[in-house]
$ cat upload_17.pdb   # PDB, C-alpha atoms
ATOM      1  CA  MET A   1     -49.532 -76.084  10.639
ATOM      2  CA  THR A   2     -52.424 -73.632  10.663
ATOM      3  CA  GLU A   3     -53.584 -71.814   7.572
ATOM      4  CA  ARG A   4     -51.830 -68.447   7.182
ATOM      5  CA  VAL A   5     -53.960 -65.469   6.167
ATOM      6  CA  CYS A   6     -53.258 -61.912   5.004
ATOM      7  CA  VAL A   7     -56.027 -59.323   5.095
ATOM      8  CA  PHE A   8     -56.120 -56.558   2.466
ATOM      9  CA  ILE A   9     -58.486 -53.686   3.303
ATOM     10  CA  ASP A  10     -59.476 -51.149   0.648
ATOM     11  CA  GLY A  11     -59.829 -48.377   3.217
ATOM     12  CA  SER A  12     -61.736 -45.818   1.184
ATOM     13  CA  ASN A  13     -64.168 -48.417  -0.171
ATOM     14  CA  PHE A  14     -64.666 -49.875   3.330
ATOM     15  CA  TYR A  15     -65.156 -46.393   4.838
ATOM     16  CA  HIS A  16     -67.869 -45.481   2.334
ATOM     17  CA  LEU A  17     -69.602 -48.857   2.639
ATOM     18  CA  CYS A  18     -69.606 -48.493   6.451
ATOM     19  CA  LYS A  19     -70.973 -44.984   6.127
ATOM     20  CA  ASP A  20     -73.763 -46.175   3.775
ATOM     21  CA  ASN A  21     -74.618 -49.403   5.591
ATOM     22  CA  LEU A  22     -73.901 -48.562   9.244
ATOM     23  CA  LYS A  23     -74.213 -44.769   9.275
ATOM     24  CA  ARG A  24     -70.877 -44.688  11.119
ATOM     25  CA  THR A  25     -67.209 -45.389  10.417
ATOM     26  CA  ASP A  26     -65.515 -45.784  13.820
ATOM     27  CA  ILE A  27     -64.334 -49.368  13.387
ATOM     28  CA  ASP A  28     -61.528 -51.090  15.326
ATOM     29  CA  ILE A  29     -59.633 -52.323  12.263
ATOM     30  CA  GLY A  30     -57.289 -54.623  14.202
ATOM     31  CA  ALA A  31     -60.140 -56.435  15.987
ATOM     32  CA  PHE A  32     -62.106 -56.601  12.740
ATOM     33  CA  ALA A  33     -59.171 -58.208  10.875
ATOM     34  CA  SER A  34     -58.678 -60.750  13.675
ATOM     35  CA  TRP A  35     -62.367 -61.646  13.533
ATOM     36  CA  LEU A  36     -62.167 -62.155   9.764
ATOM     37  CA  VAL A  37     -59.300 -64.596  10.161
ATOM     38  CA  SER A  38     -60.992 -66.550  13.006
ATOM     39  CA  PRO A  39     -59.168 -68.384  15.800
ATOM     40  CA  SER A  40     -58.517 -71.508  13.722
ATOM     41  CA  ARG A  41     -56.210 -69.648  11.310
ATOM     42  CA  THR A  42     -53.142 -67.427  11.741
ATOM     43  CA  LEU A  43     -53.152 -63.735  10.824
ATOM     44  CA  VAL A  44     -49.817 -62.954   9.174
ATOM     45  CA  ARG A  45     -50.465 -59.280   8.398
ATOM     46  CA  THR A  46     -53.186 -56.767   7.636
ATOM     47  CA  TYR A  47     -52.628 -54.213   4.900
ATOM     48  CA  TYR A  48     -54.787 -51.088   5.008
ATOM     49  CA  TYR A  49     -54.925 -48.887   1.876
ATOM     50  CA  ASN A  50     -56.057 -45.282   1.757
ATOM     51  CA  CYS A  51     -55.075 -41.719   0.849
ATOM     52  CA  LEU A  52     -54.546 -38.699   3.005
ATOM     53  CA  GLY A  53     -57.485 -36.336   2.637
ATOM     54  CA  PRO A  54     -57.270 -33.365   0.297
ATOM     55  CA  PRO A  55     -55.431 -30.302   1.571
ATOM     56  CA  ASP A  56     -58.566 -28.146   1.365
ATOM     57  CA  ARG A  57     -60.504 -30.343   3.835
ATOM     58  CA  PRO A  58     -61.639 -28.812   7.122
ATOM     59  CA  GLU A  59     -59.057 -29.030   9.896
ATOM     60  CA  GLU A  60     -61.341 -31.193  12.064
ATOM     61  CA  ALA A  61     -61.546 -33.831   9.317
ATOM     62  CA  ARG A  62     -57.769 -33.772   8.787
ATOM     63  CA  LEU A  63     -57.121 -34.173  12.514
ATOM     64  CA  GLY A  64     -59.612 -37.032  12.705
ATOM     65  CA  GLN A  65     -57.884 -38.864   9.877
ATOM     66  CA  GLN A  66     -54.456 -38.268  11.455
ATOM     67  CA  LYS A  67     -55.740 -39.696  14.745
ATOM     68  CA  PHE A  68     -57.167 -42.736  12.916
ATOM     69  CA  PHE A  69     -53.879 -43.383  11.082
ATOM     70  CA  GLY A  70     -52.044 -42.987  14.410
ATOM     71  CA  VAL A  71     -54.180 -45.769  15.890
ATOM     72  CA  LEU A  72     -53.487 -47.937  12.831
ATOM     73  CA  ASP A  73     -49.736 -47.291  13.185
ATOM     74  CA  HIS A  74     -49.908 -48.845  16.670
ATOM     75  CA  THR A  75     -52.005 -51.840  15.633
ATOM     76  CA  PRO A  76     -49.961 -55.053  15.716
ATOM     77  CA  TYR A  77     -49.282 -56.740  12.376
ATOM     78  CA  LEU A  78     -50.853 -53.934  10.365
ATOM     79  CA  GLU A  79     -49.251 -51.929   7.562
ATOM     80  CA  VAL A  80     -50.739 -48.702   6.222
ATOM     81  CA  ARG A  81     -50.196 -48.210   2.493
ATOM     82  CA  LEU A  82     -50.966 -44.750   1.166
ATOM     83  CA  GLY A  83     -51.913 -43.791  -2.351
ATOM     84  CA  ARG A  84     -52.185 -40.275  -3.689
ATOM     85  CA  LEU A  85     -54.957 -37.841  -4.526
ATOM     86  CA  VAL A  86     -55.121 -36.033  -7.843
ATOM     87  CA  GLN A  87     -57.313 -33.040  -8.515
ATOM     88  CA  ARG A  88     -59.472 -33.320 -11.614
ATOM     89  CA  ASP A  89     -61.564 -30.640 -13.282
ATOM     90  CA  TRP A  90     -64.971 -31.507 -14.646
ATOM     91  CA  THR A  91     -67.335 -29.532 -16.873
ATOM     92  CA  CYS A  92     -71.008 -30.379 -17.272
ATOM     93  CA  ALA A  93     -71.712 -30.936 -20.967
ATOM     94  CA  SER A  94     -75.188 -29.396 -20.830
ATOM     95  CA  CYS A  95     -74.812 -26.383 -18.522
ATOM     96  CA  LYS A  96     -71.024 -25.833 -18.769
ATOM     97  CA  HIS A  97     -70.759 -25.646 -14.951
ATOM     98  CA  LYS A  98     -67.148 -26.311 -13.888
ATOM     99  CA  GLU A  99     -65.982 -27.915 -10.695
ATOM    100  CA  SER A 100     -62.919 -29.637  -9.273
ATOM    101  CA  HIS A 101     -62.814 -32.812  -7.268
ATOM    102  CA  TRP A 102     -60.173 -35.151  -5.850
ATOM    103  CA  ILE A 103     -59.747 -38.755  -6.946
ATOM    104  CA  GLU A 104     -57.593 -41.553  -5.558
ATOM    105  CA  LYS A 105     -54.835 -42.848  -7.787
ATOM    106  CA  GLY A 106     -52.774 -45.998  -7.516
ATOM    107  CA  LEU A 107     -54.600 -47.759  -4.698
ATOM    108  CA  ASP A 108     -56.313 -50.540  -6.649
ATOM    109  CA  MET A 109     -53.056 -51.297  -8.430
ATOM    110  CA  ARG A 110     -51.159 -51.309  -5.141
ATOM    111  CA  ILE A 111     -53.658 -53.695  -3.539
ATOM    112  CA  GLY A 112     -53.395 -56.042  -6.517
ATOM    113  CA  VAL A 113     -49.595 -55.926  -6.604
ATOM    114  CA  ASP A 114     -49.347 -56.545  -2.855
ATOM    115  CA  MET A 115     -51.801 -59.459  -3.010
ATOM    116  CA  LEU A 116     -49.777 -61.003  -5.839
ATOM    117  CA  SER A 117     -46.297 -60.347  -4.465
ATOM    118  CA  THR A 118     -47.033 -61.552  -0.928
ATOM    119  CA  GLY A 119     -48.826 -64.593  -2.355
ATOM    120  CA  ALA A 120     -45.928 -65.381  -4.694
ATOM    121  CA  LYS A 121     -43.526 -65.139  -1.724
ATOM    122  CA  GLY A 122     -45.625 -67.754   0.055
ATOM    123  CA  LEU A 123     -46.596 -65.505   2.952
ATOM    124  CA  TYR A 124     -50.165 -66.811   3.016
ATOM    125  CA  GLU A 125     -52.460 -69.573   1.851
ATOM    126  CA  THR A 126     -55.578 -67.383   1.946
ATOM    127  CA  ALA A 127     -56.050 -63.700   1.167
ATOM    128  CA  ILE A 128     -59.050 -61.892   2.594
ATOM    129  CA  LEU A 129     -59.950 -58.831   0.548
ATOM    130  CA  VAL A 130     -62.200 -56.294   2.250
ATOM    131  CA  SER A 131     -63.634 -54.373  -0.684
ATOM    132  CA  GLY A 132     -66.578 -54.286  -3.012
ATOM    133  CA  ASP A 133     -64.600 -52.755  -5.884
ATOM    134  CA  GLY A 134     -64.955 -54.685  -9.144
ATOM    135  CA  ASP A 135     -61.653 -53.228 -10.381
ATOM    136  CA  LEU A 136     -59.940 -55.785  -8.111
ATOM    137  CA  ALA A 137     -61.540 -58.836  -9.766
ATOM    138  CA  GLU A 138     -58.582 -59.450 -12.098
ATOM    139  CA  ALA A 139     -56.136 -59.299  -9.171
ATOM    140  CA  VAL A 140     -58.277 -61.846  -7.326
ATOM    141  CA  LYS A 141     -58.175 -64.167 -10.353
ATOM    142  CA  ALA A 142     -54.381 -63.778 -10.635
ATOM    143  CA  VAL A 143     -53.894 -64.635  -6.944
ATOM    144  CA  LYS A 144     -56.057 -67.726  -7.409
ATOM    145  CA  ASP A 145     -53.837 -68.679 -10.366
ATOM    146  CA  LEU A 146     -50.953 -68.824  -7.860
ATOM    147  CA  GLY A 147     -52.852 -71.585  -6.073
ATOM    148  CA  LYS A 148     -54.014 -69.322  -3.241
ATOM    149  CA  HIS A 149     -57.533 -68.940  -1.890
ATOM    150  CA  VAL A 150     -59.228 -65.537  -1.973
ATOM    151  CA  GLU A 151     -62.137 -64.551   0.229
ATOM    152  CA  VAL A 152     -63.985 -61.287  -0.371
ATOM    153  CA  THR A 153     -65.674 -59.619   2.579
ATOM    154  CA  ALA A 154     -67.974 -56.640   2.081
ATOM    155  CA  PHE A 155     -71.491 -55.391   2.510
ATOM    156  CA  GLN A 156     -73.806 -56.928  -0.068
ATOM    157  CA  LYS A 157     -75.058 -53.476  -1.027
ATOM    158  CA  GLY A 158     -72.135 -51.942  -2.894
ATOM    159  CA  THR A 159     -70.230 -55.089  -3.888
ATOM    160  CA  SER A 160     -69.490 -55.728  -7.555
ATOM    161  CA  ASN A 161     -70.911 -58.923  -9.041
ATOM    162  CA  GLU A 162     -67.657 -59.344 -10.978
ATOM    163  CA  LEU A 163     -65.684 -59.365  -7.704
ATOM    164  CA  ILE A 164     -68.115 -61.857  -6.144
ATOM    165  CA  LYS A 165     -67.720 -64.208  -9.126
ATOM    166  CA  ALA A 166     -63.926 -63.947  -9.019
ATOM    167  CA  ALA A 167     -63.615 -64.863  -5.321
ATOM    168  CA  ASP A 168     -63.473 -68.375  -3.895
ATOM    169  CA  LEU A 169     -65.746 -67.330  -1.056
ATOM    170  CA  CYS A 170     -67.748 -64.217  -0.228
ATOM    171  CA  ARG A 171     -68.723 -63.118   3.256
ATOM    172  CA  ASP A 172     -71.493 -60.558   3.462
ATOM    173  CA  LEU A 173     -71.082 -58.090   6.298
ATOM    174  CA  THR A 174     -74.158 -56.967   8.190
ATOM    175  CA  PRO A 175     -74.706 -54.277  10.816
ATOM    176  CA  ALA A 176     -75.092 -57.085  13.381
ATOM    177  CA  HIS A 177     -71.557 -58.328  12.577
ATOM    178  CA  MET A 178     -70.052 -54.882  12.837
ATOM    179  CA  THR A 179     -71.457 -53.525  16.129
ATOM    180  CA  GLN A 180     -68.797 -55.418  18.095
ATOM    181  CA  PHE A 181     -66.079 -53.375  16.355
ATOM    182  CA  PHE A 182     -67.454 -49.878  17.034
ATOM    183  CA  LEU A 183     -64.954 -47.747  18.909
ATOM    184  CA  ARG A 184     -67.640 -45.571  20.512
ATOM    185  CA  THR A 185     -70.735 -46.941  22.208
TER     186      THR A 185
END
$ encode --input "upload_17.pdb" --output "structure tokens"
Amino acid sequence: MTERVCVFIDGSNFYHLCKDNLKRTDIDIGAFASWLVSPSRTLVRTYYYNCLGPPDRPEEARLGQQKFFGVLDHTPYLEVRLGRLVQRDWTCASCKHKESHWIEKGLDMRIGVDMLSTGAKGLYETAILVSGDGDLAEAVKAVKDLGKHVEVTAFQKGTSNELIKAADLCRDLTPAHMTQFFLRT
């Protein structure tokens, strides 16, 4: 029996790391997940986590995200899991300037819960987490406590040392790895 693998992609973290490291974000997520798993193992499912953009975003950005989620909805063995955005007000302590910004809520928790629940159900032997977010280190440790393996895949620049230490294996992404997954040439 081949090793079964689930891939958990922290979409917002991955998007920003691609933007910083590749200067582009048009990645074929299905092909990328298959590559992570490799032909010697079996991909059970990919989970992709993100939030819908804020309602005050430009229409072009909203339509682009809708198109991207539409592609994901038609990607075999892939589930999109959405969190929520919450608007927060912030005031600068020194100049008293006020501004509002949107923050994601519930995604890290959802990733951790899904990694644990699918692992506890025996759906995989190995979880591949695509994220550099150190907030997920405790979830990685808990999944390992179930007797599962956890691989973290991310760009070296932007990956938490705590997450690296928690994982069984870390795979550093490079621009050379990622060019094969660009949707536009």
$ axis_aligned_box --input "upload_17.pdb" --around "segment 142-156 of chain A" --padding-each-side "4 Å" --output "JSON"
{"center_x": -62.4, "center_y": -63.5, "center_z": -4.0, "size_x": 30.9, "size_y": 24.2, "size_z": 21.2}
$ residues_around --input "upload_17.pdb" --residues "Leu129 of chain A" --least-positions-apart "2" --cutoff "7 Å" --atoms "all atoms listed in the file" --output "JSON, numbers by chain"
{"A": [7, 8, 9, 127, 131, 151, 152, 153]}
$ resolve_selection --input "upload_17.pdb" --expression "the PyMOL selection byres ((chain A and resi 175-178) around 10)" --output "PyMOL selection string"
chain A and resi 18+21-23+27-28+32+35+155+172-174+179-182
$ closest_residue --input "upload_17.pdb" --among "A:Arg81, A:Arg62, A:Lys67, A:His16" --to "Asp114 of chain A" --atoms "only C-alpha atoms"
A:Arg81
$ closest_residue --input "upload_17.pdb" --among "A:Ile29, A:Ile128, A:Val5, A:Leu17" --to "Asp73 of chain A" --atoms "all atoms listed in the file"
A:Ile29
$ atom_distance --input "upload_17.pdb" --atom1 "atom CA of Glu99 of chain A" --atom2 "atom CA of Pro58 of chain A"
18.4 Å
$ closest_residue --input "upload_17.pdb" --among "A:Asp133, A:Glu59, A:Glu138, A:Glu125" --to "Ser160 of chain A" --atoms "only C-alpha atoms"
A:Asp133
$ closest_residue --input "upload_17.pdb" --among "A:Ala137, A:Ala61, A:Val71, A:Leu52" --to "Leu85 of chain A" --atoms "only C-alpha atoms"
A:Leu52
$ atom_distance --input "upload_17.pdb" --atom1 "atom CA of Leu183 of chain A" --atom2 "atom CA of Asp26 of chain A"
5.5 Å
$ resolve_selection --input "upload_17.pdb" --expression "the PyMOL selection byres ((chain A and resi 4) around 8)" --output "PyMOL selection string"
chain A and resi 2-3+5-6+41-44+123-126
$ atom_distance --input "upload_17.pdb" --atom1 "atom CA of Asp56 of chain A" --atom2 "atom CA of Gly158 of chain A"
27.7 Å
